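As provided, entry.txt (compact mmCIF, C-alpha atoms) reads as follows.
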# COMPACT_ATOMS: atom_id res chain seq x y z
CA MET B 1 13.33 8.68 21.00
CA LEU B 2 15.49 5.80 19.86
CA ARG B 3 16.90 6.06 16.34
CA ARG B 4 14.23 4.90 13.94
CA SER B 5 15.04 2.20 11.46
CA PHE B 6 13.18 0.31 8.76
CA THR B 7 14.02 -2.69 6.64
CA ALA B 8 12.38 -3.02 3.25
CA VAL B 9 12.33 -6.20 1.20
CA LEU B 10 12.85 -5.11 -2.38
CA GLU B 11 12.79 -8.57 -3.97
CA LYS B 12 11.30 -11.56 -2.20
CA GLY B 13 12.50 -14.87 -3.66
CA VAL B 14 12.17 -13.67 -7.25
CA THR B 15 13.99 -15.47 -10.07
CA PHE B 16 15.64 -13.34 -12.73
CA ASP B 17 17.09 -14.51 -16.03
CA ALA B 18 18.12 -11.05 -17.23
CA ASP B 19 19.66 -7.87 -15.83
CA PHE B 20 17.28 -5.79 -13.71
CA GLU B 21 16.92 -2.80 -11.42
CA THR B 22 15.07 -2.91 -8.11
CA GLU B 23 12.04 -0.68 -7.70
CA PRO B 24 12.80 2.90 -6.55
CA TYR B 25 12.76 3.30 -2.78
CA GLU B 26 12.49 6.62 -0.93
CA ALA B 27 14.89 6.97 1.97
CA GLY B 28 15.30 10.71 2.49
CA TRP B 29 14.60 10.36 6.21
CA ALA B 30 17.49 7.94 6.71
CA ARG B 31 21.09 8.87 7.39
CA GLU B 32 22.49 5.48 6.59
CA ALA B 33 21.51 2.59 4.38
CA ARG B 34 22.77 -0.92 3.90
CA TRP B 35 21.96 -3.33 1.11
CA PHE B 36 21.86 -7.07 1.71
CA VAL B 37 21.73 -9.17 -1.44
CA GLN B 38 21.13 -12.88 -1.02
CA VAL B 39 21.25 -15.33 -3.88
CA LEU B 40 19.05 -18.21 -2.77
CA GLN B 41 19.53 -20.28 -5.91
CA ALA B 42 21.75 -19.91 -8.94
CA ASP B 43 22.45 -21.94 -12.03
CA ARG B 44 25.92 -23.49 -11.98
CA GLY B 45 28.47 -20.81 -12.88
CA SER B 46 25.98 -17.97 -12.60
CA GLY B 47 26.41 -14.92 -10.46
CA LEU B 48 25.58 -11.26 -10.22
CA VAL B 49 27.03 -7.81 -9.74
CA ALA B 50 24.84 -5.31 -7.87
CA VAL B 51 25.60 -1.60 -8.03
CA PRO B 52 23.88 0.94 -5.71
CA GLN B 53 22.24 3.79 -7.59
CA ILE B 54 20.90 7.13 -6.38
CA SER B 55 18.33 9.58 -7.69
CA PRO B 56 16.99 13.04 -6.82
CA ASP B 57 13.45 12.20 -7.90
CA GLY B 58 13.00 8.46 -8.36
CA ALA B 59 13.12 8.84 -12.13
CA ALA B 60 16.69 9.77 -13.14
CA TRP B 61 19.45 7.51 -11.83
CA CYS B 62 23.22 7.33 -11.60
CA ASP B 63 25.65 4.98 -9.87
CA GLU B 64 26.39 6.07 -6.31
CA GLY B 65 30.03 5.25 -6.89
CA SER B 66 30.71 2.85 -4.06
CA GLY B 67 29.40 -0.37 -2.62
CA ARG B 68 29.66 -2.56 -5.72
CA MET B 69 28.73 -6.13 -4.70
CA SER B 70 29.55 -9.31 -6.59
CA LEU B 71 28.69 -12.92 -5.94
CA VAL B 72 28.98 -16.24 -7.78
CA GLY B 73 26.57 -18.97 -6.80
CA SER B 74 24.43 -18.74 -3.67
CA GLY B 75 25.38 -16.62 -0.67
CA MET B 76 25.03 -13.07 0.61
CA VAL B 77 26.86 -9.80 0.05
CA SER B 78 26.32 -6.40 1.65
CA ALA B 79 27.25 -2.77 1.18
CA GLY B 80 26.58 0.37 3.23
CA LEU B 81 25.88 3.90 2.02
CA LEU B 82 26.00 7.37 3.60
CA GLY B 83 24.96 10.73 2.17
CA PHE B 84 22.91 9.24 -0.63
CA GLY B 85 20.12 11.78 -1.05
CA SER B 86 16.53 10.61 -1.12
CA TRP B 87 16.11 7.66 -3.50
CA LEU B 88 17.87 4.31 -3.72
CA ARG B 89 17.82 1.30 -5.99
CA LEU B 90 20.18 -1.45 -7.16
CA ARG B 91 21.28 -2.04 -10.72
CA VAL B 92 21.90 -5.77 -11.04
CA ARG B 93 23.79 -7.45 -13.85
CA LEU B 94 23.94 -11.21 -14.23
CA THR B 95 27.45 -12.64 -14.66
CA GLY B 96 29.19 -15.91 -15.50
CA THR B 97 26.90 -18.21 -17.43
CA ARG B 98 24.12 -15.67 -16.82
CA GLY B 99 21.70 -18.40 -15.80
CA PRO B 100 18.66 -17.67 -13.64
CA VAL B 101 19.30 -16.45 -10.09
CA THR B 102 16.76 -16.34 -7.27
CA VAL B 103 17.31 -13.38 -4.98
CA LEU B 104 16.20 -11.96 -1.67
CA ILE B 105 17.14 -8.27 -1.36
CA HIS B 106 16.85 -6.25 1.84
CA LEU B 107 17.45 -2.54 2.34
CA ALA B 108 18.12 -1.63 5.99
CA LEU B 109 17.68 2.09 6.77
CA LYS B 110 18.51 3.98 9.95
CA GLU B 111 18.27 7.58 11.13
CA MET Z 1 -11.96 12.31 23.88
CA ASP Z 2 -14.00 15.40 24.50
CA ASP Z 3 -14.54 17.81 21.63
CA GLN Z 4 -12.71 20.66 23.35
CA ARG Z 5 -9.52 18.67 23.78
CA ILE Z 6 -9.61 17.54 20.16
CA ALA Z 7 -10.26 21.05 18.89
CA SER Z 8 -7.26 22.39 20.82
CA ASP Z 9 -4.90 19.80 19.35
CA VAL Z 10 -3.87 21.10 15.94
CA ARG Z 11 -3.05 17.63 14.63
CA LEU Z 12 -6.21 15.93 15.97
CA SER Z 13 -8.65 18.72 15.21
CA LYS Z 14 -8.89 17.63 11.58
CA TYR Z 15 -10.28 14.29 12.78
CA ASN Z 16 -13.60 13.23 14.29
CA PRO Z 17 -12.68 10.28 16.53
CA LEU Z 18 -14.97 8.08 18.55
CA PRO Z 19 -14.41 8.26 22.34
CA ARG Z 20 -11.27 6.09 22.50
CA ILE Z 21 -8.36 6.49 20.09
CA LEU Z 22 -6.57 3.18 19.54
CA TYR Z 23 -3.91 4.70 17.32
CA PHE Z 24 -3.08 8.01 15.70
CA ASP Z 25 -0.27 7.57 13.20
CA ASP Z 26 1.42 10.67 11.83
CA PHE Z 27 3.94 9.42 9.30
CA ASP Z 28 6.28 12.28 10.08
CA GLU Z 29 7.07 10.14 13.09
CA GLY Z 30 7.86 6.92 11.25
CA MET Z 31 6.08 3.85 9.95
CA ASN Z 32 4.03 3.37 13.14
CA GLY Z 33 3.58 -0.35 12.54
CA TRP Z 34 2.30 -0.18 8.97
CA CYS Z 35 4.03 -2.87 6.96
CA GLU Z 36 3.80 -4.87 3.78
CA LEU Z 37 0.99 -7.42 3.69
CA VAL Z 38 2.23 -10.89 2.78
CA GLY Z 39 0.44 -14.16 2.17
CA ASN Z 40 0.74 -17.03 4.62
CA HIS Z 41 3.65 -19.49 4.47
CA THR Z 42 5.60 -21.80 6.74
CA GLY Z 43 9.04 -20.33 6.04
CA ASN Z 44 9.26 -21.19 2.37
CA LEU Z 45 8.73 -18.12 0.19
CA ASP Z 46 7.58 -20.35 -2.68
CA GLN Z 47 4.44 -21.20 -0.67
CA ILE Z 48 3.13 -17.63 -0.75
CA ARG Z 49 0.12 -17.11 -3.01
CA PRO Z 50 1.43 -15.37 -6.15
CA ILE Z 51 -0.93 -12.42 -5.70
CA ALA Z 52 0.18 -11.90 -2.09
CA LYS Z 53 3.95 -12.21 -2.55
CA ASP Z 54 4.80 -8.80 -3.95
CA PHE Z 55 2.75 -6.12 -2.21
CA ARG Z 56 5.87 -3.95 -1.89
CA PRO Z 57 7.36 -2.35 1.21
CA PRO Z 58 5.69 0.92 2.22
CA GLN Z 59 7.85 4.02 2.02
CA LEU Z 60 8.14 7.23 4.01
CA SER Z 61 7.75 9.71 1.20
CA SER Z 62 8.51 13.41 1.06
CA CYS Z 63 6.49 13.62 -2.19
CA THR Z 64 9.53 14.69 -4.18
CA PHE Z 65 9.22 15.27 -7.92
CA PHE Z 66 11.55 16.18 -10.76
CA ASP Z 67 9.89 19.52 -11.44
CA ILE Z 68 9.31 21.10 -8.01
CA GLY Z 69 11.46 19.05 -5.65
CA THR Z 70 9.83 18.27 -2.32
CA HIS Z 71 6.09 18.78 -1.86
CA GLY Z 72 5.76 17.49 1.72
CA SER Z 73 2.67 16.31 3.60
CA VAL Z 74 -0.24 17.98 5.43
CA ASP Z 75 1.64 19.12 8.52
CA GLY Z 76 5.20 18.05 7.94
CA THR Z 77 7.47 16.38 5.41
CA TYR Z 78 6.55 12.71 5.29
CA SER Z 79 3.61 10.55 4.39
CA LEU Z 80 3.28 6.81 4.01
CA LYS Z 81 3.52 5.88 0.34
CA LEU Z 82 2.40 2.68 -1.33
CA ALA Z 83 3.88 2.22 -4.78
CA THR Z 84 2.97 -0.40 -7.35
CA ARG Z 85 5.36 -1.76 -9.90
CA PRO Z 86 4.86 -0.39 -13.41
CA LEU Z 87 2.91 -3.53 -14.34
CA GLN Z 88 -0.73 -3.69 -15.30
CA ASN Z 89 -2.90 -4.93 -12.39
CA HIS Z 90 -0.06 -4.90 -9.87
CA SER Z 91 -1.09 -3.97 -6.31
CA ALA Z 92 0.73 -2.61 -3.27
CA VAL Z 93 -0.85 -3.22 0.14
CA ALA Z 94 0.10 -2.04 3.64
CA ILE Z 95 -1.48 -3.32 6.84
CA LYS Z 96 -1.66 -2.46 10.54
CA ARG Z 97 -2.44 -5.33 12.88
CA MET Z 98 -4.39 -5.05 16.12
CA THR Z 99 -6.82 -7.12 18.15
CA TYR Z 100 -9.95 -5.84 19.84
CA ALA Z 101 -10.66 -5.71 23.55
CA ALA Z 102 -14.41 -5.38 22.99
CA ARG Z 103 -16.79 -5.49 20.07
CA GLY Z 104 -18.52 -2.34 18.92
CA ARG Z 105 -18.11 0.58 16.58
CA VAL Z 106 -14.73 1.20 14.98
CA GLN Z 107 -13.83 4.23 12.90
CA PHE Z 108 -10.88 4.54 10.55
CA GLU Z 109 -9.93 8.00 9.38
CA ALA Z 110 -7.07 9.22 7.22
CA TYR Z 111 -5.83 12.02 4.99
CA ILE Z 112 -4.83 10.58 1.66
CA SER Z 113 -3.74 11.49 -1.85
CA PHE Z 114 -3.18 9.49 -4.99
CA LYS Z 115 -0.96 9.92 -8.04
CA ALA Z 116 0.32 8.11 -11.09
CA GLU Z 117 4.00 8.34 -11.92
CA ILE Z 118 4.68 11.12 -14.38
CA ALA Z 119 4.94 9.52 -17.79
CA SER Z 120 5.53 11.23 -21.07
CA ALA Z 121 2.20 11.58 -22.78
CA ASN Z 122 1.10 12.71 -26.18
CA ALA Z 123 0.38 16.40 -25.60
CA SER Z 124 -1.64 16.90 -28.74
CA GLY Z 125 -5.06 18.09 -27.74
CA TRP Z 126 -3.97 18.93 -24.20
CA ASP Z 127 -6.19 21.79 -23.02
CA GLY Z 128 -3.91 22.95 -20.22
CA ASN Z 129 -6.33 21.73 -17.57
CA ALA Z 130 -6.91 17.98 -17.74
CA ALA Z 131 -3.94 15.88 -16.58
CA PRO Z 132 -3.18 12.92 -18.87
CA SER Z 133 -1.60 11.09 -15.95
CA GLU Z 134 -4.92 11.09 -14.08
CA ARG Z 135 -6.06 8.43 -16.53
CA HIS Z 136 -3.07 6.30 -15.59
CA PHE Z 137 -4.32 5.89 -12.03
CA GLY Z 138 -6.41 2.75 -11.42
CA ASP Z 139 -7.86 2.46 -7.93
CA PHE Z 140 -7.20 2.55 -4.21
CA THR Z 141 -8.89 0.42 -1.57
CA PHE Z 142 -9.53 0.28 2.17
CA SER Z 143 -10.20 -3.04 3.85
CA ASN Z 144 -10.56 -4.44 7.31
CA ASP Z 145 -10.06 -8.02 8.50
CA ILE Z 146 -12.18 -8.96 11.50
CA CYS Z 147 -12.32 -12.34 13.23
CA VAL Z 148 -14.81 -12.77 16.06
CA GLY Z 149 -13.51 -14.78 18.97
CA GLU Z 150 -11.56 -17.98 18.56
CA SER Z 151 -12.65 -19.15 15.12
CA GLY Z 152 -14.87 -16.55 13.51
CA PRO Z 153 -17.01 -15.53 11.81
CA ARG Z 154 -14.40 -13.70 9.75
CA TRP Z 155 -15.36 -10.60 7.82
CA HIS Z 156 -13.53 -8.48 5.28
CA GLY Z 157 -15.17 -5.13 4.69
CA VAL Z 158 -13.87 -3.45 1.53
CA VAL Z 159 -14.35 0.02 0.03
CA ARG Z 160 -12.62 1.01 -3.20
CA TYR Z 161 -12.27 4.22 -5.19
CA ARG Z 162 -12.12 3.36 -8.89
CA ASN Z 163 -10.55 6.27 -10.68
CA ALA Z 164 -10.16 5.03 -14.23
CA ASP Z 165 -10.81 1.94 -16.31
CA PRO Z 166 -8.15 0.08 -18.31
CA ASP Z 167 -9.04 2.11 -21.41
CA GLY Z 168 -8.24 5.33 -19.59
CA ASN Z 169 -11.82 6.46 -19.11
CA LEU Z 170 -12.44 8.22 -15.81
CA VAL Z 171 -14.82 6.24 -13.59
CA GLN Z 172 -14.49 8.20 -10.32
CA ARG Z 173 -16.81 6.03 -8.25
CA TRP Z 174 -16.75 4.31 -4.90
CA VAL Z 175 -17.41 0.60 -5.24
CA ARG Z 176 -17.55 -2.56 -3.14
CA PRO Z 177 -16.88 -6.21 -3.97
CA THR Z 178 -19.76 -8.64 -4.33
CA SER Z 179 -17.64 -11.73 -3.70
CA LEU Z 180 -15.36 -12.70 -0.86
CA GLU Z 181 -11.80 -11.48 -0.46
CA PRO Z 182 -9.81 -14.67 -1.16
CA THR Z 183 -7.56 -16.07 1.56
CA THR Z 184 -4.60 -18.44 1.47
CA LYS Z 185 -6.86 -21.15 2.89
CA MET Z 186 -9.41 -20.59 0.10
CA GLU Z 187 -6.67 -20.82 -2.51
CA ARG Z 188 -5.26 -24.03 -1.04
CA MET Z 189 -8.81 -25.43 -0.97
CA GLY Z 190 -9.05 -24.72 -4.70
CA LEU Z 191 -11.87 -22.22 -4.26
CA VAL Z 192 -10.02 -19.39 -6.00
CA PRO Z 193 -7.37 -19.38 -8.73
CA ALA Z 194 -3.69 -18.63 -8.19
CA HIS Z 195 -2.63 -15.82 -10.47
CA PRO Z 196 -0.15 -13.08 -9.60
CA ARG Z 197 -2.04 -10.27 -11.31
CA GLN Z 198 -5.58 -11.02 -10.22
CA ASP Z 199 -7.40 -8.55 -8.02
CA PHE Z 200 -6.51 -9.34 -4.42
CA PHE Z 201 -9.86 -8.14 -3.07
CA SER Z 202 -12.15 -9.99 -5.47
CA PHE Z 203 -10.66 -12.19 -8.16
CA ARG Z 204 -13.49 -11.78 -10.69
CA PRO Z 205 -13.39 -8.30 -12.31
CA GLU Z 206 -17.18 -8.27 -12.65
CA ASP Z 207 -17.70 -8.78 -8.91
CA TRP Z 208 -17.89 -5.11 -7.99
CA ALA Z 209 -20.93 -2.90 -7.38
CA GLU Z 210 -21.22 0.85 -7.09
CA LEU Z 211 -21.92 2.16 -3.63
CA PRO Z 212 -25.17 4.14 -3.34
CA GLY Z 213 -24.45 7.71 -4.41
CA GLY Z 214 -20.85 6.73 -5.00
CA ARG Z 215 -19.85 9.02 -7.85
CA GLN Z 216 -17.23 11.49 -6.67
CA PRO Z 217 -14.55 13.19 -8.75
CA LEU Z 218 -11.58 13.78 -6.47
CA CYS Z 219 -8.88 16.42 -6.66
CA PHE Z 220 -6.13 14.82 -8.73
CA ASN Z 221 -5.14 18.36 -9.69
CA GLU Z 222 -3.83 19.26 -13.10
CA THR Z 223 -0.28 17.93 -12.90
CA ALA Z 224 1.13 14.71 -11.46
CA SER Z 225 3.33 16.60 -8.98
CA LYS Z 226 0.48 18.57 -7.34
CA VAL Z 227 -0.59 16.71 -4.20
CA ASN Z 228 -3.96 17.55 -2.63
CA TRP Z 229 -5.04 15.72 0.50
CA HIS Z 230 -8.49 14.19 1.03
CA TYR Z 231 -10.25 13.26 4.24
CA ILE Z 232 -11.72 9.78 4.46
CA ARG Z 233 -13.74 8.25 7.31
CA TRP Z 234 -15.02 4.68 7.47
CA LEU Z 235 -17.32 3.62 10.30
CA PHE Z 236 -17.96 -0.09 10.84
CA ASP Z 237 -19.29 -2.30 13.60
CA THR Z 238 -17.54 -5.43 14.86
CA GLU Z 239 -20.70 -6.41 16.77
CA SER Z 240 -23.00 -6.64 13.74
CA LEU Z 241 -20.08 -7.15 11.28
CA ARG Z 242 -21.35 -4.40 9.02
CA SER Z 243 -20.03 -1.25 7.46
CA LEU Z 244 -22.12 1.73 8.55
CA GLU Z 245 -20.79 4.82 6.81
CA PHE Z 246 -18.06 5.90 4.44
CA GLN Z 247 -17.17 9.53 4.00
CA CYS Z 248 -14.76 11.19 1.63
CA ASN Z 249 -14.63 14.96 1.99
CA ASP Z 250 -18.21 16.19 1.49
CA LEU Z 251 -19.62 12.86 0.25
CA LEU Z 252 -21.21 10.73 2.97
CA MET Z 253 -22.43 7.26 1.99
CA ASP Z 254 -24.77 5.22 4.13
CA LEU Z 255 -23.50 1.64 3.96
CA SER Z 256 -25.87 0.12 6.50
CA ASP Z 257 -27.83 -1.71 3.78
CA VAL Z 258 -24.72 -3.04 2.06
CA PRO Z 259 -24.50 -6.80 2.62
CA SER Z 260 -21.44 -8.02 4.52
CA LEU Z 261 -19.45 -10.87 3.01
CA ILE Z 262 -18.68 -13.42 5.74
CA HIS Z 263 -16.30 -16.31 5.14
CA ASP Z 264 -17.75 -19.83 5.25
CA GLU Z 265 -14.56 -21.44 6.55
CA LYS Z 266 -13.42 -21.39 10.15
CA TYR Z 267 -10.15 -19.57 10.84
CA TYR Z 268 -8.03 -20.25 13.91
CA GLY Z 269 -5.09 -18.35 15.37
CA ILE Z 270 -6.56 -14.92 14.59
CA ALA Z 271 -8.77 -14.44 17.64
CA ASN Z 272 -10.27 -10.94 17.98
CA LEU Z 273 -8.49 -9.81 14.82
CA LEU Z 274 -8.77 -6.08 14.10
CA ASN Z 275 -6.68 -5.37 11.01
CA VAL Z 276 -6.94 -2.43 8.64
CA TYR Z 277 -5.15 -2.14 5.35
CA PHE Z 278 -5.01 0.07 2.32
CA ALA Z 279 -4.01 -0.73 -1.19
CA VAL Z 280 -3.30 0.81 -4.57
CA ARG Z 281 -3.62 -0.94 -7.92
CA THR Z 282 -2.53 0.16 -11.36
CA HIS Z 283 -4.50 -0.76 -14.46
CA VAL Z 284 -1.72 0.16 -16.89
CA ASN Z 285 2.07 -0.24 -17.00
CA VAL Z 286 2.62 2.91 -14.92
CA ARG Z 287 3.46 3.06 -11.21
CA ASN Z 288 0.51 4.17 -9.07
CA PHE Z 289 1.00 5.75 -5.67
CA LEU Z 290 -1.24 6.11 -2.62
CA TYR Z 291 -0.06 8.59 0.00
CA VAL Z 292 -1.35 8.63 3.58
CA ASP Z 293 -0.45 11.72 5.61
CA SER Z 294 -1.81 10.30 8.84
CA ALA Z 295 -4.33 7.72 10.02
CA LEU Z 296 -6.47 7.35 13.12
CA LEU Z 297 -8.45 4.41 14.45
CA SER Z 298 -10.97 5.01 17.23
CA VAL Z 299 -13.60 2.88 18.98
CA ASP Z 300 -16.71 3.37 21.12
CA TRP Z 301 -15.59 1.02 23.89
Would it be possible to restate this file's structure as structure tokens?
Amino acid sequence: MLRRSFTAVLEKGVTFDADFETEPYEAGWAREARWFVQVLQADRGSGLVAVPQISPDGAAWCDEGSGRMSLVGSGMVSAGLLGFGSWLRLRVRLTGTRGPVTVLIHLALKE
Amino acid sequence: MDDQRIASDVRLSKYNPLPRILYFDDFDEGMNGWCELVGNHTGNLDQIRPIAKDFRPPQLSSCTFFDIGTHGSVDGTYSLKLATRPLQNHSAVAIKRMTYAARGRVQFEAYISFKAEIASANASGWDGNAAPSERHFGDFTFSNDICVGESGPRWHGVVRYRNADPDGNLVQRWVRPTSLEPTTKMERMGLVPAHPRQDFFSFRPEDWAELPGGRQPLCFNETASKVNWHYIRWLFDTESLRSLEFQCNDLLMDLSDVPSLIHDEKYYGIANLLNVYFAVRTHVNVRNFLYVDSALLSVDW
């Protein structure tokens, strides 16, 4: 069989005006993961920093330690992960003027 | 398929399919075409009905918990998991899309389980048996979406298990909606309100009726990390556009007298639609999960 893959949309055009974490996502079947963070709209001077986090159970979380993504204004950033265990999420902090940002966040997983 | 062949297949022998199997999805093998349901739009995400914009991506779950690690599924590691956000009245919905080659009887079967996320609860008065988190689980729902020919009639059949009410009282009954499942077209026509936390299947909370003989306590088990699987079977007819039977474990409900809700509007572009979806909805600010070990759709044509 071909290598299975699955792309999940964790946030779909949602506007945030405060720091947030994405919902927990189980990915124990996947060998590799890649985050794509798009900022569709941002207040002038606003940006974000997104940090991949990992968890053994979907409840307790720590930073994965790599793949920190930062962006000012609209655009897209990406980071890949290997050997991450079973659960993934992003911790997102607003930066700059910390105005509202509208995001589209994909998680691409592959065996 | 003949009974002997089914009985000799260890994965199929727990099912009771009609003669032709359209799909048999074991989630140890991947998503099998089950995906997040999303409302209609023309490329602009802002057009999506608020209720149908955040039904969450399904997950391949190993049922892993903080206390025991991995639980696994019926005959492997993975099941399909739908997870709500920890927001009152939030729903997660996954769909599989087909079309039919002939009208007739259709049967959907699955092995499912349901859980609320483990949340710290006041343990005073805990008797060591009843699980406080059972009262954090709202409901799960099965629905079809059938469109006959080019423009309808269009029929949504819906069966829901209501586990608990918003006050945490156990309900444990199978119910059905008494008003139509709203569509994007209905919302744009102003027939139904736009609210992100309304019930996707029937926007008025009072528009639900108990199915005949529909009381059935299920096996939540005593702790939120103990996963017991339940058999469900739903038989419906795309010729008469009626539900016929719904079975969960040893409870069999005759649905042949239950009125079908048929849409008044014409719908184009969905000729011979044969969709099935399942959903989970939380009634409190706790994530609710629906797990599906495997699912099978069979027909009599």
>> Can you measure CA of Thr141 in chain Z to CA of Met186 in chain Z for me? One decimal in Å is fine.
In response: 21.1 Å
>> Can you tell me which residues surround Ser66 in chain B at a distance of at most 10 Å, considering only C-alpha atoms, apart from same-chain residues fewer than 3 positions away, and format the answer as a ChimeraX atom specification?
In response: /B:51-53,63,69,79-81
>> Need to verify the contact set: Lys110 in chain B, 7 Å, only C-alpha atoms, exclusion of same-chain residues closer than 2 positions in sequence. Can you return it as a list of chain:residue names?
In response: B:Arg3, B:Arg4, B:Ser5, B:Phe6, B:Ala30, B:Arg31, B:Glu32, B:Ala33, B:Ala108
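With CA of Ala209 in chain Z on one side and CA of Ser179 in chain Z on the other, the separation reads 10.1 Å.
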>> What's around Val74 in chain Z at 10 Å? Count all atoms listed in the file, leave out sequence neighbours fewer than 5 positions away in its own chain, and write the answer as a PyMOL selection string.
In response: chain Z and resi 11+26+28+79+111-112+227-229+292-294
Those same residues, written as a compact mmCIF listing (two decimals), in the frame of the given file with C-alpha atoms?
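Saved result, result30.txt, follows:
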# COMPACT_ATOMS: atom_id res chain seq x y z
CA ARG Z 11 -3.05 17.63 14.63
CA ASP Z 26 1.42 10.67 11.83
CA ASP Z 28 6.28 12.28 10.08
CA SER Z 79 3.61 10.55 4.39
CA TYR Z 111 -5.83 12.02 4.99
CA ILE Z 112 -4.83 10.58 1.66
CA VAL Z 227 -0.59 16.71 -4.20
CA ASN Z 228 -3.96 17.55 -2.63
CA TRP Z 229 -5.04 15.72 0.50
CA VAL Z 292 -1.35 8.63 3.58
CA ASP Z 293 -0.45 11.72 5.61
CA SER Z 294 -1.81 10.30 8.84
Give me, as a CSV table (one decimal) with C-alpha atoms, in the coordinates of the input, the contact residues of chain Z against chain B at a cut-off of 7 Å, counting all atoms listed in the file.
chain,number,residue,atom,x,y,z
Z,45,LEU,CA,8.7,-18.1,0.2
Z,57,PRO,CA,7.4,-2.4,1.2
Z,59,GLN,CA,7.8,4.0,2.0
Z,60,LEU,CA,8.1,7.2,4.0
Z,61,SER,CA,7.8,9.7,1.2
Z,64,THR,CA,9.5,14.7,-4.2
Z,65,PHE,CA,9.2,15.3,-7.9
Z,66,PHE,CA,11.6,16.2,-10.8
Ref. answer, residues at most 6 Å from (-19.5, -9.7, -4.9) with all atoms listed in the file, as a PDB file with C-alpha atoms, keeping the file's coordinate frame:
ATOM      1  CA  PRO Z 177     -16.880  -6.210  -3.970  1.00  0.00           C
ATOM      2  CA  THR Z 178     -19.760  -8.640  -4.330  1.00  0.00           C
ATOM      3  CA  SER Z 179     -17.640 -11.730  -3.700  1.00  0.00           C
ATOM      4  CA  ASP Z 207     -17.700  -8.780  -8.910  1.00  0.00           C
ATOM      5  CA  TRP Z 208     -17.890  -5.110  -7.990  1.00  0.00           C
TER       6      TRP Z 208
END
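For the pair CA of Ala7 in chain Z and CA of Asp25 in chain Z, the separation is 17.7 Å.
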>> Please list as a ChimeraX atom specification every residue within 7 Å of Ile51 in chain Z, counting all atoms listed in the file and excluding residues in the same chain fewer than 5 positions away.
In response: /Z:195-198,200
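Distances here use only C-alpha atoms; by that measure, the residue among B:Leu88, B:Val49, B:Leu109, B:Val77 closest to Phe36 in chain B is B:Val77.
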> Got a sec: who's within 8 Å of Phe55 in chain Z, counting all atoms listed in the file, leaving out chain neighbours fewer than 3 positions off, as number ranges by chain?
Replying inline: Z: 36-38, 52, 84, 91-94
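Each of B:Ala50, B:Leu82, B:Cys62, B:Val39 was compared to Phe20 in chain B using only C-alpha atoms, and B:Ala50 turns out to be the nearest.
Distances to Tyr267 in chain Z were evaluated for Z:Ser151, Z:Asn163, Z:Thr70, Z:Asn129 using all atoms listed in the file, and the minimum falls at Z:Ser151.
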